[in-house]
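Visitor: My structure file input.cif, mmCIF, C-alpha atoms and all ligand atoms, is below:
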data_data
loop_
_atom_site.label_atom_id
_atom_site.label_comp_id
_atom_site.auth_asym_id
_atom_site.auth_seq_id
_atom_site.Cartn_x
_atom_site.Cartn_y
_atom_site.Cartn_z
CA GLN A 1 -4.75 15.00 -12.37
CA ASN A 2 -3.40 11.89 -10.70
CA ILE A 3 -4.80 10.18 -7.64
CA THR A 4 -1.98 7.96 -6.42
CA LEU A 5 -2.19 4.73 -4.46
CA ALA A 6 1.03 3.89 -2.61
CA VAL A 7 1.65 0.15 -2.70
CA ILE A 8 4.11 -1.46 -0.25
CA LEU A 9 4.19 -5.25 -0.56
CA PRO A 10 6.62 -8.15 -0.84
CA GLN A 11 7.67 -7.95 -4.50
CA SER A 12 8.38 -11.61 -5.20
CA ASN A 13 8.03 -13.89 -2.16
CA THR A 14 4.73 -15.67 -2.80
CA ASP A 15 4.98 -17.45 0.57
CA TYR A 16 3.13 -14.31 1.65
CA PRO A 17 -0.55 -14.44 0.55
CA TRP A 18 -0.46 -10.62 0.08
CA ALA A 19 2.69 -10.65 -2.11
CA TRP A 20 2.65 -8.49 -5.25
CA PRO A 21 2.35 -11.44 -7.69
CA ARG A 22 -0.94 -12.31 -5.95
CA ILE A 23 -2.31 -8.79 -5.28
CA GLY A 24 -0.92 -6.97 -8.31
CA PRO A 25 -3.25 -8.36 -11.00
CA ALA A 26 -6.32 -7.48 -8.92
CA LEU A 27 -5.01 -3.99 -8.23
CA GLU A 28 -4.16 -3.40 -11.89
CA ARG A 29 -7.61 -4.61 -12.92
CA ALA A 30 -9.28 -2.35 -10.37
CA VAL A 31 -7.28 0.67 -11.50
CA ARG A 32 -8.09 -0.10 -15.15
CA ASN A 33 -11.82 -0.44 -14.40
CA VAL A 34 -11.95 2.77 -12.39
CA ASN A 35 -10.14 4.71 -15.11
CA ALA A 36 -12.38 3.21 -17.82
CA ASP A 37 -15.47 4.80 -16.23
CA PRO A 38 -15.20 8.59 -16.51
CA THR A 39 -18.10 9.09 -14.09
CA LEU A 40 -16.16 7.58 -11.16
CA LEU A 41 -13.28 10.05 -10.85
CA PRO A 42 -14.06 12.88 -13.28
CA ASP A 43 -10.94 14.68 -14.54
CA HIS A 44 -8.69 12.39 -12.50
CA GLN A 45 -6.60 9.35 -13.26
CA LEU A 46 -5.99 6.61 -10.72
CA VAL A 47 -2.34 5.55 -10.67
CA TYR A 48 -0.17 3.60 -8.26
CA ALA A 49 3.42 3.66 -7.12
CA PHE A 50 4.99 0.42 -5.90
CA LYS A 51 7.71 -0.16 -3.30
CA ASN A 52 9.08 -3.48 -2.15
CA SER A 53 8.85 -4.36 1.56
CA GLU A 54 11.27 -7.29 1.33
CA ASN A 55 14.84 -7.37 2.55
CA LYS A 56 17.50 -8.95 0.34
CA ASN A 57 16.46 -12.41 1.55
CA GLY A 58 12.86 -11.88 0.45
CA ILE A 59 11.53 -11.49 3.99
CA CYS A 60 9.20 -8.68 5.12
CA SER A 61 11.38 -5.96 6.63
CA GLU A 62 10.05 -3.81 9.44
CA SER A 63 12.91 -1.37 8.82
CA ILE A 64 12.45 -1.05 5.04
CA ALA A 65 8.63 -0.78 4.92
CA PRO A 66 8.32 2.44 6.99
CA LEU A 67 11.15 4.05 5.00
CA MET A 68 9.31 3.19 1.78
CA ALA A 69 6.12 4.65 3.27
CA VAL A 70 7.84 7.95 4.05
CA ASP A 71 9.44 8.06 0.57
CA LEU A 72 6.06 7.41 -1.10
CA LYS A 73 4.31 10.01 1.10
CA PHE A 74 6.79 12.74 0.17
CA ALA A 75 7.08 11.76 -3.49
CA TYR A 76 3.37 11.32 -4.29
CA ASP A 77 1.22 12.48 -1.35
CA PRO A 78 -0.91 9.36 -1.98
CA TRP A 79 -4.63 9.19 -1.25
CA ALA A 80 -4.26 5.69 0.21
CA PHE A 81 -1.74 2.98 0.97
CA ILE A 82 -2.18 -0.61 -0.22
CA GLY A 83 -0.20 -2.79 2.19
CA PRO A 84 2.06 -3.58 3.85
CA GLY A 85 0.81 -7.06 4.62
CA CYS A 86 3.05 -8.57 7.27
CA SER A 87 1.97 -7.58 10.75
CA TYR A 88 5.34 -6.19 11.78
CA THR A 89 5.66 -4.10 8.62
CA ALA A 90 2.01 -2.99 8.75
CA SER A 91 2.41 -1.77 12.34
CA PRO A 92 4.82 1.17 11.82
CA VAL A 93 3.24 2.09 8.48
CA GLY A 94 -0.21 1.99 10.11
CA LEU A 95 0.97 4.43 12.76
CA PHE A 96 2.26 6.76 10.03
CA THR A 97 -0.94 6.55 7.98
CA THR A 98 -2.96 7.32 11.10
CA HIS A 99 -0.73 10.35 11.74
CA TRP A 100 -1.09 11.43 8.08
CA ASP A 101 -4.84 10.71 8.09
CA VAL A 102 -4.49 8.51 5.00
CA PRO A 103 -6.31 5.18 4.67
CA MET A 104 -4.29 1.99 4.58
CA VAL A 105 -5.92 -1.07 2.99
CA THR A 106 -4.26 -4.44 3.35
CA ALA A 107 -5.00 -8.08 2.64
CA GLY A 108 -2.71 -8.87 5.57
CA ALA A 109 -1.99 -7.36 8.99
CA PRO A 110 -3.46 -10.49 10.60
CA ALA A 111 -2.24 -9.85 14.17
CA VAL A 112 -5.02 -9.40 16.74
CA ALA A 113 -3.49 -6.05 17.79
CA PHE A 114 -4.89 -4.52 14.56
CA TYR A 115 -8.48 -5.03 15.73
CA GLY A 116 -8.15 -2.52 18.55
CA GLY A 117 -8.34 1.26 18.26
CA VAL A 118 -4.62 1.95 17.86
CA TYR A 119 -4.68 1.73 14.04
CA PRO A 120 -7.85 3.53 12.94
CA SER A 121 -6.49 4.13 9.41
CA ILE A 122 -6.13 0.39 8.66
CA THR A 123 -8.77 -1.63 6.84
CA ASN A 124 -7.95 -5.30 6.49
C1 LIG B 1 0.52 10.80 -13.55
O1 LIG B 1 0.84 9.45 -13.49
C2 LIG B 1 1.48 8.97 -14.66
C3 LIG B 1 1.63 7.46 -14.52
O2 LIG B 1 2.24 7.12 -13.32
C4 LIG B 1 2.82 9.69 -14.79
O3 LIG B 1 3.48 9.25 -15.95
C5 LIG B 1 2.60 11.18 -14.87
O4 LIG B 1 3.86 11.84 -14.84
C6 LIG B 1 1.78 11.66 -13.67
N1 LIG B 1 1.43 13.06 -13.85
C7 LIG B 1 1.56 13.95 -12.85
C8 LIG B 1 1.10 15.32 -13.15
O5 LIG B 1 2.01 13.66 -11.75
#
Starting from the file, give its structure as structure tokens.
Ligand SMILES: *[C@@H]1O[C@H](CO)[C@@H](O)[C@H](O)[C@H]1NC(C)=O

Guide:
Amino acid sequence: QNITLAVILPQSNTDYPWAWPRIGPALERAVRNVNADPTLLPDHQLVYAFKNSENKNGICSESIAPLMAVDLKFAYDPWAFIGPGCSYTASPVGLFTTHWDVPMVTAGAPAVAFYGGVYPSITN
């Protein structure tokens, strides 16, 4: 049985410190290590599904990211979201993940607004 992580990050723009080329290898290594130890998630396999949060110019899109979050939620019912990273893409997705009661872990979301109580599902 799969446990799915829903990943929403900039796919190629490495100007963002949380872009997929920077985060992806660590995530793949973590998934591989978890799956290599059968005592961690007995009878389950950790997998991830990736969606790009960039617009066609490679910039974080606050309109695309929440649509990707909804698509991932309905397609996979993920146990957690990884990303988004940009503050203005993390904001709407963080409101959804709070509503869905699903954790959202991000290396970004640097805006001070994320340290209040409005986004209890976000860990950054
Ligand atoms: C589990 O995940 C793998 C890899 O993403 C996929 O190929 C497979 O179809 C999934 N199985 C189920 C039951 O969802």

Visitor: CA of Asp77 in chain A and atom C6 of ligand LIG 1 (chain B), how far apart in Å?

Guide: 12.4 Å

Visitor: Between A:Leu40, A:Leu9, A:Ile64, A:Leu46, which one has atoms that come closest to Pro21 in chain A, using only C-alpha atoms?

Guide: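 For Pro21 in chain A, the nearest of the candidates is A:Leu9.
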
Visitor: Do you have the CA of Lys73 in chain A-CA of Ala6 in chain A distance handy?

Guide: 7.9 Å

Visitor: Kindly assemble as CSV a list of the chain A residues that lie within 9 Å of ligand LIG 1 (chain B), each paired with its nearest atom pair and their distance in Å to one decimal, using only C-alpha atoms and all ligand atoms, sorted first by chain and then by ascending residue number.

Guide:
residue,atom,partner,partner_atom,distance
A:Gln1,CA,B:LIG1,C8,5.9
A:Asn2,CA,B:LIG1,C1,5.0
A:Ile3,CA,B:LIG1,C1,8.0
A:Thr4,CA,B:LIG1,O1,7.8
A:Gln45,CA,B:LIG1,C1,7.3
A:Leu46,CA,B:LIG1,O1,7.9
A:Val47,CA,B:LIG1,O2,5.5
A:Tyr48,CA,B:LIG1,O2,6.6
A:Ala49,CA,B:LIG1,O2,7.2
A:Tyr76,CA,B:LIG1,O5,7.9

Visitor: To one decimal place, how far is CA of Ala69 in chain A from CA of Gly108 in chain A in Å?

Guide: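 Interatomic distance, CA of Ala69 in chain A to CA of Gly108 in chain A: 16.3 Å.
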
Visitor: Please define a box with edges along x, y and z of the file around all atoms of range 91-105 of chain A given in the file, extend it by 8 Å on each side, and return its centre and edge lengths in Å to one decimal, as AutoDock Vina command-line options.

Guide:
--center_x -0.7 --center_y 4.8 --center_z 7.9 --size_x 27.1 --size_y 29.2 --size_z 25.8

Visitor: Restricting the calculation to all atoms listed in the file: of A:Pro103, A:Pro110, A:Pro38, A:Gly83, which residue gets closest to Gly24 in chain A?

Guide: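 Among the listed residues, the smallest separation from Gly24 in chain A belongs to A:Gly83.
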
Visitor: With all atoms listed in the file counted, which protein, DNA or RNA residues have an atom no more than 10 Å from (3.2, -8.9, -10.8) in the file frame? Please answer as JSON, numbers by chain.

Guide: {"A": [11, 12, 19, 20, 21, 22, 23, 24, 25, 26, 27, 28]}

Visitor: The selected residues should be written to file as a PDB file, in the coordinates of the input (atoms: C-alpha atoms).

Guide:
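Saved as part_29.pdb:
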ATOM      1  CA  GLN A  11       7.670  -7.950  -4.500  1.00  0.00           C
ATOM      2  CA  SER A  12       8.380 -11.610  -5.200  1.00  0.00           C
ATOM      3  CA  ALA A  19       2.690 -10.650  -2.110  1.00  0.00           C
ATOM      4  CA  TRP A  20       2.650  -8.490  -5.250  1.00  0.00           C
ATOM      5  CA  PRO A  21       2.350 -11.440  -7.690  1.00  0.00           C
ATOM      6  CA  ARG A  22      -0.940 -12.310  -5.950  1.00  0.00           C
ATOM      7  CA  ILE A  23      -2.310  -8.790  -5.280  1.00  0.00           C
ATOM      8  CA  GLY A  24      -0.920  -6.970  -8.310  1.00  0.00           C
ATOM      9  CA  PRO A  25      -3.250  -8.360 -11.000  1.00  0.00           C
ATOM     10  CA  ALA A  26      -6.320  -7.480  -8.920  1.00  0.00           C
ATOM     11  CA  LEU A  27      -5.010  -3.990  -8.230  1.00  0.00           C
ATOM     12  CA  GLU A  28      -4.160  -3.400 -11.890  1.00  0.00           C
TER      13      GLU A  28
END

Visitor: Using all atoms listed in the file, which protein or nucleic acid residues come within 7 Å of range 51-62 of chain A? Drop anything in the same chain fewer than 2 positions from it, and give the result as a CSV table (one decimal) with C-alpha atoms, in the frame of the given file.

Guide:
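The new file part.csv reads:
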chain,number,residue,atom,x,y,z
A,7,VAL,CA,1.6,0.2,-2.7
A,8,ILE,CA,4.1,-1.5,-0.2
A,9,LEU,CA,4.2,-5.2,-0.6
A,10,PRO,CA,6.6,-8.2,-0.8
A,11,GLN,CA,7.7,-8.0,-4.5
A,13,ASN,CA,8.0,-13.9,-2.2
A,49,ALA,CA,3.4,3.7,-7.1
A,64,ILE,CA,12.4,-1.0,5.0
A,65,ALA,CA,8.6,-0.8,4.9
A,66,PRO,CA,8.3,2.4,7.0
A,68,MET,CA,9.3,3.2,1.8
A,86,CYS,CA,3.0,-8.6,7.3
A,88,TYR,CA,5.3,-6.2,11.8
A,89,THR,CA,5.7,-4.1,8.6

Visitor: Using all atoms listed in the file, which of the listed residues (A:Ile122, A:Val102, A:Ala30, A:Ala113) sits closest to Pro84 in chain A?

Guide: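 Looking only at the distances to Pro84 in chain A, the closest residue turns out to be A:Ile122.
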
Visitor: Rank A:Trp79, A:Trp18, A:Tyr119, A:Phe50 by their smallest atom-to-atom distance to Val93 in chain A, using all atoms listed in the file, and report the top residue only.

Guide: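 Smallest distance to Val93 in chain A is found for A:Tyr119.
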
Visitor: Tell me which of A:Val112, A:Ala36, A:Val70, A:Val118 sits closest to Phe96 in chain A, counting all atoms listed in the file.

Guide: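 Between A:Val112, A:Ala36, A:Val70, A:Val118, the residue approaching Phe96 in chain A most closely is A:Val70.
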
Visitor: Find the residue from A:Asn33, A:Thr14, A:Ser121, A:Thr39 that sits nearest to His99 in chain A; use only C-alpha atoms when measuring.

Guide: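 Nearest candidate to His99 in chain A out of A:Asn33, A:Thr14, A:Ser121, A:Thr39: A:Ser121.
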